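Undergrad: I am sharing work_24.txt, which consists of compact mmCIF, C-alpha atoms:
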```txt
# COMPACT_ATOMS: atom_id res chain seq x y z
CA TRP A 1 83.90 91.32 132.70
CA ASN A 2 84.40 94.41 134.89
CA GLY A 3 84.69 97.30 132.48
CA ASN A 4 88.44 97.72 133.12
CA ILE A 5 91.00 98.83 130.54
CA ALA A 6 92.37 95.95 128.46
CA SER A 7 96.07 95.61 127.68
CA ASP A 8 95.53 96.61 124.03
CA GLU A 9 93.48 99.73 124.90
CA ARG A 10 94.48 103.31 125.67
CA VAL A 11 92.91 106.10 127.68
CA ILE A 12 93.37 109.82 127.05
CA PHE A 13 92.22 112.28 129.67
CA PHE A 14 91.66 115.88 128.64
CA PRO A 15 92.80 118.74 130.94
CA ALA A 16 89.76 119.64 132.98
CA LEU A 17 88.57 122.94 134.41
CA ALA A 18 87.63 122.66 138.10
CA SER A 19 85.83 125.31 140.16
CA GLN A 20 85.72 125.96 143.88
CA VAL A 21 82.63 124.79 145.81
CA ASN A 22 83.74 126.29 149.12
CA SER A 23 86.96 127.00 151.03
CA THR A 24 87.87 123.30 151.25
CA HIS A 25 86.28 121.52 148.26
CA TRP A 26 86.34 121.62 144.46
CA SER A 27 84.00 120.49 141.72
CA VAL A 28 86.26 118.42 139.46
CA PRO A 29 85.02 117.39 135.99
CA ILE A 30 86.65 114.30 134.48
CA HIS A 31 86.57 113.75 130.71
CA GLY A 32 88.33 110.83 129.06
CA TRP A 33 88.37 108.73 125.90
CA ILE A 34 89.09 104.99 125.75
CA PHE A 35 89.95 103.18 122.52
CA GLU A 36 91.93 100.39 120.88
CA PRO A 37 94.56 101.87 118.52
CA GLU A 38 94.13 99.18 115.82
CA GLU A 39 97.78 99.60 114.78
CA GLU A 40 97.79 96.48 112.59
CA SER A 41 94.47 97.06 110.83
CA ASN A 42 94.53 96.36 107.07
CA LYS A 43 91.55 98.68 106.55
CA ARG A 44 93.41 101.46 108.33
CA ALA A 45 96.50 100.95 106.19
CA ALA A 46 94.41 100.99 103.00
CA PHE A 47 92.63 104.17 104.06
CA LEU A 48 95.95 105.89 104.79
CA ARG A 49 97.23 104.94 101.34
CA LEU A 50 94.13 106.37 99.67
CA LEU A 51 94.30 109.53 101.76
CA GLY A 52 97.99 109.92 100.99
CA LYS A 53 97.24 109.79 97.27
CA ALA A 54 94.37 112.26 97.61
CA LEU A 55 96.68 114.72 99.41
CA SER A 56 99.55 114.09 96.95
CA VAL A 57 101.89 112.88 99.69
CA LYS A 58 105.35 112.11 98.33
CA GLU A 59 107.89 112.90 101.04
CA ALA A 60 108.67 110.34 103.74
CA ASP A 61 108.32 112.90 106.54
CA GLN A 62 104.87 113.86 105.24
CA LYS A 63 103.78 110.21 105.38
CA ILE A 64 104.94 109.96 108.99
CA ILE A 65 103.04 113.11 110.01
CA LEU A 66 99.92 112.00 108.11
CA GLN A 67 99.91 108.64 109.91
CA ARG A 68 100.33 110.37 113.26
CA ARG A 69 97.53 112.88 112.67
CA VAL A 70 95.01 110.48 111.13
CA ARG A 71 95.60 107.56 113.51
CA PRO A 72 93.22 108.88 116.23
CA PHE A 73 90.38 109.06 113.68
CA LEU A 74 90.78 105.35 112.83
CA VAL A 75 90.80 103.80 116.30
CA ASP A 76 88.25 101.33 117.62
CA ASN A 77 86.33 103.30 120.26
CA GLN A 78 85.48 101.26 123.33
CA SER A 79 82.00 101.53 124.84
CA MET A 80 80.73 100.12 128.15
CA LYS A 81 84.08 100.60 129.88
CA ARG A 82 84.37 101.96 133.43
CA PRO A 83 87.94 103.08 134.11
CA ARG A 84 89.00 103.60 137.70
CA ILE A 85 91.03 106.71 138.48
CA GLU A 86 93.20 107.55 141.48
CA PHE A 87 94.16 110.86 143.05
CA ILE A 88 97.25 110.96 145.24
CA GLY A 89 96.37 113.26 148.11
CA ASP A 90 98.35 114.86 150.90
CA GLY A 91 100.67 112.40 152.59
CA GLY A 92 100.37 110.02 149.64
CA VAL A 93 96.83 108.98 150.57
CA LEU A 94 95.03 107.47 147.55
CA THR A 95 91.38 108.07 146.69
CA SER A 96 89.87 105.88 143.99
CA HIS A 97 86.85 106.66 141.81
CA ARG A 98 85.06 104.49 139.25
CA MET A 99 83.99 106.39 136.13
CA PRO A 100 80.59 105.95 134.42
CA PHE A 101 80.33 103.68 131.39
CA SER A 102 81.95 104.99 128.22
CA ARG A 103 79.62 105.70 125.29
CA LYS A 104 79.81 104.44 121.70
CA ASN A 105 82.35 107.14 120.86
CA GLY A 106 84.57 105.93 123.72
CA HIS A 107 84.11 109.11 125.76
CA PHE A 108 83.10 109.21 129.41
CA ARG A 109 82.46 112.15 131.74
CA SER A 110 81.96 112.55 135.45
CA THR A 111 82.11 115.30 138.06
CA LEU A 112 83.65 114.65 141.47
CA VAL A 113 83.62 116.83 144.58
CA LEU A 114 87.02 116.53 146.25
CA SER A 115 88.76 118.25 149.13
CA THR A 116 92.06 120.09 148.74
CA SER A 117 93.79 117.35 150.74
CA GLN A 118 92.38 114.63 148.45
CA LEU A 119 93.67 116.57 145.44
CA GLY A 120 97.25 116.82 146.76
CA LEU A 121 97.68 120.20 145.11
CA SER A 122 100.94 121.16 143.38
CA LYS A 123 101.83 124.64 142.12
CA THR A 124 102.52 125.22 138.46
CA SER A 125 105.04 127.98 139.03
CA THR A 126 107.07 129.72 141.72
CA SER A 127 106.00 133.12 140.37
CA LYS A 128 104.07 135.14 142.93
CA HIS A 129 101.57 136.03 140.19
CA VAL A 130 100.89 132.45 139.09
CA ASP A 131 99.07 130.89 141.99
CA TYR A 132 96.30 128.81 140.51
CA LEU A 133 96.88 125.12 140.97
CA ILE A 134 97.03 121.91 138.99
CA SER A 135 96.19 118.54 140.48
CA TYR A 136 97.12 115.23 138.87
CA PHE A 137 95.46 111.84 138.71
CA GLN A 138 95.91 108.61 136.79
CA ALA A 139 93.89 105.68 135.53
CA LYS A 140 94.29 102.53 137.56
CA ILE A 141 94.90 99.67 135.13
CA SER A 142 95.60 96.43 137.01
CA ASP A 143 98.28 94.86 139.15
CA TYR A 144 99.58 93.14 136.01
CA ASP A 145 99.78 96.20 133.74
CA SER A 146 102.58 98.71 134.36
CA ARG A 147 101.14 101.40 132.05
CA SER A 148 99.99 104.68 133.53
CA PHE A 149 97.55 107.14 131.93
CA ARG A 150 98.22 110.40 133.75
CA ALA A 151 96.07 113.53 133.56
CA SER A 152 95.66 116.98 135.02
CA VAL A 153 92.90 119.14 136.50
CA HIS A 154 93.22 122.93 136.52
CA LEU A 155 91.81 124.27 139.78
CA VAL A 156 90.84 127.82 138.92
CA PRO A 157 89.90 130.22 141.75
CA PRO A 158 86.64 132.21 141.61
CA THR A 159 88.47 135.48 140.93
CA GLY A 160 91.28 136.37 138.54
CA VAL A 161 91.77 136.68 134.78
CA SER A 162 91.18 133.95 132.19
CA ILE A 163 92.42 133.96 128.62
CA ILE A 164 90.02 132.19 126.23
CA SER A 165 91.68 131.60 122.87
CA ASP A 166 91.00 129.98 119.55
CA ILE A 167 93.78 127.83 118.07
CA ASP A 168 93.79 127.75 114.25
CA ASP A 169 95.12 131.01 112.77
CA THR A 170 95.08 132.59 116.24
CA ILE A 171 98.06 130.87 117.87
CA LYS A 172 98.79 128.28 115.13
CA LEU A 173 99.43 129.01 111.43
CA THR A 174 96.75 127.03 109.58
CA ASN A 175 95.30 129.23 106.80
CA VAL A 176 91.78 127.86 107.15
CA LEU A 177 90.57 130.06 104.29
CA ASP A 178 92.68 128.16 101.73
CA LYS A 179 91.50 124.54 101.56
CA LYS A 180 94.79 123.17 100.17
CA ASP A 181 96.91 124.99 102.76
CA PHE A 182 94.47 124.04 105.50
CA LEU A 183 94.72 120.31 104.72
CA GLN A 184 98.50 120.39 104.38
CA ASN A 185 99.01 122.38 107.57
CA THR A 186 96.63 120.11 109.46
CA PHE A 187 97.72 116.69 108.21
CA LEU A 188 101.11 116.93 106.45
CA LYS A 189 103.22 119.55 108.24
CA GLU A 190 104.46 120.07 111.76
CA PHE A 191 102.36 122.72 113.48
CA LYS A 192 103.88 126.22 113.57
CA ALA A 193 103.03 128.97 116.03
CA VAL A 194 101.99 132.47 115.07
CA PRO A 195 105.18 134.44 115.86
CA ASP A 196 105.47 135.77 119.44
CA MET A 197 102.02 134.59 120.54
CA ALA A 198 103.53 132.31 123.20
CA HIS A 199 105.46 135.35 124.49
CA MET A 200 102.19 137.28 124.71
CA PHE A 201 100.50 134.47 126.66
CA GLN A 202 103.43 134.19 129.05
CA GLN A 203 103.31 137.94 129.66
CA TRP A 204 99.63 137.67 130.60
CA ARG A 205 100.49 134.74 132.84
CA SER A 206 102.98 136.79 134.84
CA GLN A 207 100.97 140.02 134.67
CA PHE A 208 97.64 138.84 136.10
CA LYS A 209 97.02 137.15 139.43
CA ASN A 210 95.26 133.79 139.17
CA CYS A 211 95.64 133.82 135.38
CA ALA A 212 94.20 130.74 133.63
CA PHE A 213 94.12 129.69 129.98
CA HIS A 214 91.44 127.89 127.97
CA PHE A 215 91.65 126.84 124.32
CA VAL A 216 88.17 126.73 122.76
CA SER A 217 88.36 125.37 119.23
CA ALA A 218 86.19 123.65 116.62
CA SER A 219 88.98 121.08 116.17
CA PRO A 220 88.00 117.54 117.22
CA TYR A 221 89.33 115.77 120.29
CA GLN A 222 91.11 113.36 117.93
CA LEU A 223 93.71 116.13 117.45
CA TYR A 224 94.09 116.86 121.16
CA GLU A 225 97.42 115.07 121.70
CA GLU A 226 99.00 116.77 118.68
CA LEU A 227 97.65 120.18 119.72
CA ASN A 228 98.73 119.76 123.34
CA ASP A 229 102.20 118.69 122.23
CA PHE A 230 102.38 121.74 119.94
CA THR A 231 101.32 124.28 122.59
CA THR A 232 103.75 122.78 125.12
CA LYS A 233 106.75 122.82 122.75
CA ALA A 234 105.87 126.30 121.48
CA GLY A 235 106.01 127.66 125.03
CA PHE A 236 102.36 128.38 125.76
CA PRO A 237 101.23 128.10 129.39
CA PRO A 238 99.29 124.99 130.49
CA ALA A 239 95.64 125.26 129.47
CA THR A 240 92.34 123.44 129.40
CA PHE A 241 91.09 122.26 126.00
CA HIS A 242 87.47 122.52 124.86
CA LEU A 243 87.14 120.74 121.51
CA LYS A 244 84.45 118.99 119.45
CA THR A 245 83.40 115.42 120.19
CA ILE A 246 82.91 113.48 116.97
CA ARG A 247 82.73 109.82 115.96
CA PRO A 248 83.72 109.13 112.32
CA LYS A 249 81.33 106.16 112.12
CA ASP A 250 78.13 108.13 112.71
CA LYS A 251 76.49 111.45 111.82
CA SER A 252 78.44 113.32 114.51
CA ILE A 253 81.26 113.52 111.91
CA LEU A 254 79.14 116.23 110.25
CA GLN A 255 79.90 118.45 113.24
CA LEU A 256 83.38 118.92 111.78
CA PHE A 257 81.84 120.96 108.96
CA ALA A 258 79.15 122.73 110.98
CA ASP A 259 79.13 126.47 111.56
CA PRO A 260 81.44 127.03 114.57
CA LEU A 261 79.46 130.06 115.81
CA VAL A 262 76.87 128.25 117.94
CA TYR A 263 79.30 125.61 119.21
CA LYS A 264 81.98 128.09 120.32
CA ARG A 265 79.52 130.55 121.79
CA ASN A 266 77.97 127.82 123.94
CA GLN A 267 81.36 126.51 125.10
CA ILE A 268 82.52 129.99 126.12
CA LYS A 269 79.24 130.78 127.89
CA LEU A 270 79.65 127.65 130.03
CA ILE A 271 83.04 128.91 131.22
CA LEU A 272 81.80 132.44 131.94
CA ARG A 273 78.80 131.15 133.88
CA GLU A 274 80.99 128.83 135.94
CA PHE A 275 83.22 131.77 136.93
CA PRO A 276 80.97 134.84 137.25
CA SER A 277 83.53 136.78 139.32
CA ARG A 278 86.44 136.29 136.90
CA THR A 279 87.22 138.59 133.98
CA PHE A 280 88.17 137.36 130.53
CA ILE A 281 90.34 138.24 127.55
CA LEU A 282 89.05 136.71 124.30
CA VAL A 283 91.60 136.01 121.54
CA GLY A 284 90.67 134.85 118.04
CA ASP A 285 91.04 135.53 114.33
CA SER A 286 88.94 136.94 111.50
CA GLY A 287 89.13 133.83 109.29
CA GLU A 288 85.88 132.26 110.43
CA LYS A 289 83.35 133.40 113.06
CA ASP A 290 85.43 134.52 116.07
CA PRO A 291 84.48 138.23 115.72
CA GLU A 292 80.78 137.38 115.64
CA VAL A 293 81.12 134.85 118.49
CA TYR A 294 83.01 137.29 120.71
CA ALA A 295 80.73 140.23 119.87
CA SER A 296 77.74 138.10 120.87
CA ILE A 297 79.46 137.06 124.11
CA TYR A 298 80.32 140.67 124.92
CA LYS A 299 76.73 141.81 124.54
CA ASP A 300 75.58 139.23 127.09
CA TYR A 301 78.56 139.35 129.49
CA SER A 302 80.09 142.82 129.02
CA SER A 303 81.05 143.20 132.70
CA GLN A 304 83.23 140.07 132.50
CA ILE A 305 85.06 140.90 129.24
CA ARG A 306 88.28 142.87 129.74
CA ALA A 307 89.31 142.89 126.09
CA ILE A 308 88.86 141.18 122.72
CA TYR A 309 91.78 140.71 120.32
CA ILE A 310 91.24 139.51 116.75
CA ARG A 311 94.11 138.45 114.49
CA ASN A 312 93.21 139.94 111.10
CA VAL A 313 93.96 137.32 108.44
CA ASN A 314 91.69 138.51 105.63
CA ASN A 315 91.56 142.32 105.73
CA ALA A 316 88.46 142.28 107.91
CA THR A 317 86.86 145.60 108.80
CA ALA A 318 85.47 147.00 112.04
CA THR A 319 81.93 146.11 110.94
CA ARG A 320 82.67 142.56 112.15
CA MET A 321 82.67 143.95 115.73
CA GLU A 322 79.71 146.26 115.38
CA GLY A 323 78.24 147.39 118.68
CA ILE A 324 81.40 146.70 120.74
CA PRO A 325 83.10 149.78 122.26
CA ASN A 326 86.33 150.66 120.45
CA ASP A 327 88.33 150.61 123.68
CA ARG A 328 87.36 146.98 124.35
CA TRP A 329 88.67 145.35 121.16
CA SER A 330 91.32 145.60 118.43
CA PHE A 331 92.79 143.79 115.44
CA PHE A 332 96.39 142.51 115.51
CA ASN A 333 98.76 140.89 113.03
CA ASP A 334 100.96 138.65 115.21
CA GLY A 335 102.24 138.33 118.75
CA LYS A 336 104.73 141.18 118.41
CA ASP A 337 101.97 143.54 117.31
CA LEU A 338 99.71 142.40 120.16
CA LEU A 339 102.53 142.76 122.70
CA HIS A 340 103.07 146.32 121.51
CA GLN A 341 99.37 147.12 121.83
CA CYS A 342 99.12 145.67 125.34
CA ASN A 343 102.32 147.33 126.53
CA THR A 344 101.36 150.79 125.29
CA LYS A 345 97.84 150.94 126.74
```
Show me the file's structure as structure tokens.
TA:
Amino acid sequence: WNGNIASDERVIFFPALASQVNSTHWSVPIHGWIFEPEEESNKRAAFLRLLGKALSVKEADQKIILQRRVRPFLVDNQSMKRPRIEFIGDGGVLTSHRMPFSRKNGHFRSTLVLSTSQLGLSKTSTSKHVDYLISYFQAKISDYDSRSFRASVHLVPPTGVSIISDIDDTIKLTNVLDKKDFLQNTFLKEFKAVPDMAHMFQQWRSQFKNCAFHFVSASPYQLYEELNDFTTKAGFPPATFHLKTIRPKDKSILQLFADPLVYKRNQIKLILREFPSRTFILVGDSGEKDPEVYASIYKDYSSQIRAIYIRNVNNATATRMEGIPNDRWSFFNDGKDLLHQCNTK
């Protein structure tokens, strides 16, 4: 036994947010999840049938989407695994790193300090404004396994502009406030973007030097692959994802239903503290606690907050942003409205 990845196991790496240590080295966090899909499980099949009945699933395409969305919640998480990852550096030179043991929920985390040459940096765009970098690495399986689990690290410079955004009802139509719509939009329908929001994000990307994007959401990491696929197809720029870590088999599942205020505030504070010389645009919606989260963040980090934009989904009033200067925040309806506001300032 060596803690390696078995042939019936998968690894997902989540896009990481790396910061500069000095002119030649980066602090690179690695976060992954290892599990066995359990595709042939009878218990899994029975649970899907029950869930399908509970959600009144009748259409064949709904069944396919339900299976796809629920599958990550029903996997067999693998603990005590130590995947080995490889970076391909300049000149094709490989550097190999053994990860710490995975926990009961299958997740493992580590932070490496790597040089720019070890990272083999590649630019994300030829635009003169988009000059932050993305480095890639992969899990080393074995000489007898041809699979490759590839992942990315966003190397964000100390200065520039970062966009921190919620997902549900901010860039993706979810209707969290209506339980029936929320469940259908999350588990039975293909994800749909809020109109023109991808256009808005791409404008920011080209407008600001060293512009980086971070999705901070109360959604669980089990939905990461679906969310990443959605943001890519919808035309949003590459981003890091900061989601909730839950394990359906223990009490951490209760975190799904916990108040998102404390969780999101803490996640955002970690990013702001890591990049004290960057400025930030916060984008959210009025459906849950984004106004309160962002108002709290502003009061503690006002010098770093360029603007706050809240998509108004429930006729919210300005009292939700009490204490925040009027010229630092605004409501918007969709991407077209937000584009108009940003282009007429």
Undergrad: Just checking: using all atoms listed in the file, which residue out of A:Thr317, A:Gln207, A:Asn185, A:Ser162 ends up closest to A:Arg278?
TA: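 Nearest candidate to A:Arg278 out of A:Thr317, A:Gln207, A:Asn185, A:Ser162: A:Ser162.
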Undergrad: Quick one, how far is atom CA of A:Ile34 from atom CA of A:Tyr221?
TA: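 Straight-line distance from atom CA of A:Ile34 to atom CA of A:Tyr221 works out to 12.1 Å.
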Undergrad: I'd like to know which of A:Ile64, A:Ser41, A:Ala198, A:Ile281 is closest to A:Thr232, using only C-alpha atoms.
TA: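 Closest to A:Thr232, using only C-alpha atoms: A:Ala198.
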Undergrad: What is the atom CA of A:Ser7-atom CA of A:Ser110 distance in Å, reported with one decimal?
TA: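 These atoms are spaced 23.4 Å apart.
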Undergrad: Env of A:Gly287: 8 Å cut, atoms = all atoms listed in the file, seq-sep filter 2 positions within chain, self excluded. Answer as a ChimeraX atom specification.
TA: /A:169,176-177,285,289-290,312-314
Undergrad: From the set A:Val75, A:Val262, A:Leu223, A:Ile171, which residue has the shortest atom-to-atom contact distance to A:Leu243, counting only C-alpha atoms?
TA: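 Using only C-alpha atoms, A:Leu243 sits closest to A:Leu223.
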Undergrad: With a distance cut-off of 12 Å and all atoms listed in the file, select the neighbouring residues of stretch 58-62 of chain A, excluding the residue or stretch itself and same-chain residues fewer than 6 positions from it, and output the selection as an mmCIF file with C-alpha atoms, in the frame of the given file.
TA:
```
data_model
loop_
_atom_site.group_PDB
_atom_site.id
_atom_site.type_symbol
_atom_site.label_atom_id
_atom_site.label_comp_id
_atom_site.auth_asym_id
_atom_site.auth_seq_id
_atom_site.Cartn_x
_atom_site.Cartn_y
_atom_site.Cartn_z
ATOM 1 C CA LEU A 48 95.950 105.890 104.790
ATOM 2 C CA ARG A 49 97.230 104.940 101.340
ATOM 3 C CA LEU A 51 94.300 109.530 101.760
ATOM 4 C CA GLY A 52 97.990 109.920 100.990
ATOM 5 C CA ARG A 68 100.330 110.370 113.260
ATOM 6 C CA ARG A 69 97.530 112.880 112.670
ATOM 7 C CA VAL A 70 95.010 110.480 111.130
ATOM 8 C CA GLN A 184 98.500 120.390 104.380
ATOM 9 C CA ASN A 185 99.010 122.380 107.570
ATOM 10 C CA THR A 186 96.630 120.110 109.460
ATOM 11 C CA PHE A 187 97.720 116.690 108.210
ATOM 12 C CA LEU A 188 101.110 116.930 106.450
ATOM 13 C CA LYS A 189 103.220 119.550 108.240
ATOM 14 C CA GLU A 190 104.460 120.070 111.760
#
```
Undergrad: Could you add the missing atoms to stretch 161-178 of chain A, up to N, CA and C atoms, and return them as an mmCIF file, keeping the file's coordinate frame?
TA:
```
data_model
loop_
_atom_site.group_PDB
_atom_site.id
_atom_site.type_symbol
_atom_site.label_atom_id
_atom_site.label_comp_id
_atom_site.auth_asym_id
_atom_site.auth_seq_id
_atom_site.Cartn_x
_atom_site.Cartn_y
_atom_site.Cartn_z
ATOM 1 N N VAL A 161 91.927 136.409 136.215
ATOM 2 C CA VAL A 161 91.770 136.680 134.780
ATOM 3 C C VAL A 161 91.968 135.386 134.005
ATOM 4 N N SER A 162 91.067 135.119 133.074
ATOM 5 C CA SER A 162 91.180 133.950 132.190
ATOM 6 C C SER A 162 91.356 134.415 130.757
ATOM 7 N N ILE A 163 92.231 133.728 130.040
ATOM 8 C CA ILE A 163 92.420 133.960 128.620
ATOM 9 C C ILE A 163 91.710 132.832 127.867
ATOM 10 N N ILE A 164 90.691 133.174 127.081
ATOM 11 C CA ILE A 164 90.020 132.190 126.230
ATOM 12 C C ILE A 164 90.492 132.432 124.802
ATOM 13 N N SER A 165 91.075 131.413 124.194
ATOM 14 C CA SER A 165 91.680 131.600 122.870
ATOM 15 C C SER A 165 91.269 130.511 121.893
ATOM 16 N N ASP A 166 91.106 130.916 120.662
ATOM 17 C CA ASP A 166 91.000 129.980 119.550
ATOM 18 C C ASP A 166 92.385 129.405 119.291
ATOM 19 N N ILE A 167 92.486 128.427 118.399
ATOM 20 C CA ILE A 167 93.780 127.830 118.070
ATOM 21 C C ILE A 167 94.175 128.135 116.621
ATOM 22 N N ASP A 168 93.415 127.606 115.658
ATOM 23 C CA ASP A 168 93.790 127.750 114.250
ATOM 24 C C ASP A 168 93.772 129.204 113.805
ATOM 25 N N ASP A 169 94.908 129.653 113.284
ATOM 26 C CA ASP A 169 95.120 131.010 112.770
ATOM 27 C C ASP A 169 95.074 132.078 113.857
ATOM 28 N N THR A 170 94.977 131.659 115.114
ATOM 29 C CA THR A 170 95.080 132.590 116.240
ATOM 30 C C THR A 170 96.430 132.406 116.925
ATOM 31 N N ILE A 171 96.733 131.162 117.315
ATOM 32 C CA ILE A 171 98.060 130.870 117.870
ATOM 33 C C ILE A 171 98.847 129.924 116.960
ATOM 34 N N LYS A 172 98.159 129.251 116.030
ATOM 35 C CA LYS A 172 98.790 128.280 115.130
ATOM 36 C C LYS A 172 98.517 128.666 113.680
ATOM 37 N N LEU A 173 99.571 128.669 112.852
ATOM 38 C CA LEU A 173 99.430 129.010 111.430
ATOM 39 C C LEU A 173 98.757 127.852 110.701
ATOM 40 N N THR A 174 97.533 128.081 110.223
ATOM 41 C CA THR A 174 96.750 127.030 109.580
ATOM 42 C C THR A 174 96.265 127.439 108.201
ATOM 43 N N ASN A 175 95.877 128.700 108.036
ATOM 44 C CA ASN A 175 95.300 129.230 106.800
ATOM 45 C C ASN A 175 94.025 128.477 106.427
ATOM 46 N N VAL A 176 93.056 128.545 107.329
ATOM 47 C CA VAL A 176 91.780 127.860 107.150
ATOM 48 C C VAL A 176 91.072 128.301 105.877
ATOM 49 N N LEU A 177 91.290 129.525 105.447
ATOM 50 C CA LEU A 177 90.570 130.060 104.290
ATOM 51 C C LEU A 177 91.028 129.478 102.958
ATOM 52 N N ASP A 178 92.184 128.823 102.942
ATOM 53 C CA ASP A 178 92.680 128.160 101.730
ATOM 54 C C ASP A 178 92.638 126.654 101.969
#
```
